[in-house]
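Report on one structure; see the data block that follows.
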Amino acid sequence: MCYECGCNNTMTTMSGDSITEITFQRAAKGAGITVEQAKRATLELLKRELGESKEPYATRA
Ligand SMILES: [Zn+2]
């Protein structure tokens, strides 16, 4: 995507700063984790950031 604008196209680049599938691939590689792990961690943090989760902050395994 573009994960940020709601277009639901994972590879669209709305701007040079768009969050895309590539963002997650790079972030996961940099952190030494899988893309799925990066997305899951991002999802959980976003839920907390948006007040949609009361789960405590998970520690990285
Ligand atoms: Zn978009």
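Convention: chains lettered A, B, ... in structure tokens order; per-chain residue numbering from 1; ligands numbered from 1 as shown.
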List every residue of chain A that has an atom at most 12 Å from any atom of ligand 1, giving for each one its closest atom pair and the distance in Å to one decimal, counting only C-alpha atoms and all ligand atoms, sorted by chain and then by ascending residue number, as JSON lines.
```
{"residue": "A:Met1", "atom": "CA", "partner": "ligand 1", "partner_atom_place_in_ligand_line": "1 (Zn)", "distance": 6.4}
{"residue": "A:Cys2", "atom": "CA", "partner": "ligand 1", "partner_atom_place_in_ligand_line": "1 (Zn)", "distance": 4.3}
{"residue": "A:Tyr3", "atom": "CA", "partner": "ligand 1", "partner_atom_place_in_ligand_line": "1 (Zn)", "distance": 6.4}
{"residue": "A:Glu4", "atom": "CA", "partner": "ligand 1", "partner_atom_place_in_ligand_line": "1 (Zn)", "distance": 6.2}
{"residue": "A:Cys5", "atom": "CA", "partner": "ligand 1", "partner_atom_place_in_ligand_line": "1 (Zn)", "distance": 4.4}
{"residue": "A:Gly6", "atom": "CA", "partner": "ligand 1", "partner_atom_place_in_ligand_line": "1 (Zn)", "distance": 5.6}
{"residue": "A:Cys7", "atom": "CA", "partner": "ligand 1", "partner_atom_place_in_ligand_line": "1 (Zn)", "distance": 4.2}
{"residue": "A:Asn8", "atom": "CA", "partner": "ligand 1", "partner_atom_place_in_ligand_line": "1 (Zn)", "distance": 6.5}
{"residue": "A:Asn9", "atom": "CA", "partner": "ligand 1", "partner_atom_place_in_ligand_line": "1 (Zn)", "distance": 6.3}
{"residue": "A:Thr10", "atom": "CA", "partner": "ligand 1", "partner_atom_place_in_ligand_line": "1 (Zn)", "distance": 8.0}
{"residue": "A:Met11", "atom": "CA", "partner": "ligand 1", "partner_atom_place_in_ligand_line": "1 (Zn)", "distance": 8.6}
{"residue": "A:Thr12", "atom": "CA", "partner": "ligand 1", "partner_atom_place_in_ligand_line": "1 (Zn)", "distance": 5.9}
{"residue": "A:Thr13", "atom": "CA", "partner": "ligand 1", "partner_atom_place_in_ligand_line": "1 (Zn)", "distance": 6.7}
{"residue": "A:Met14", "atom": "CA", "partner": "ligand 1", "partner_atom_place_in_ligand_line": "1 (Zn)", "distance": 5.4}
{"residue": "A:Ser15", "atom": "CA", "partner": "ligand 1", "partner_atom_place_in_ligand_line": "1 (Zn)", "distance": 8.7}
{"residue": "A:Gly16", "atom": "CA", "partner": "ligand 1", "partner_atom_place_in_ligand_line": "1 (Zn)", "distance": 11.6}
{"residue": "A:Asp17", "atom": "CA", "partner": "ligand 1", "partner_atom_place_in_ligand_line": "1 (Zn)", "distance": 11.1}
{"residue": "A:Ser18", "atom": "CA", "partner": "ligand 1", "partner_atom_place_in_ligand_line": "1 (Zn)", "distance": 7.8}
{"residue": "A:Ile19", "atom": "CA", "partner": "ligand 1", "partner_atom_place_in_ligand_line": "1 (Zn)", "distance": 8.8}
{"residue": "A:Thr20", "atom": "CA", "partner": "ligand 1", "partner_atom_place_in_ligand_line": "1 (Zn)", "distance": 8.9}
{"residue": "A:Glu21", "atom": "CA", "partner": "ligand 1", "partner_atom_place_in_ligand_line": "1 (Zn)", "distance": 11.8}
```
Between CA of Arg40 (chain A) and CA of Phe24 (chain A) lies a distance of 10.6 Å
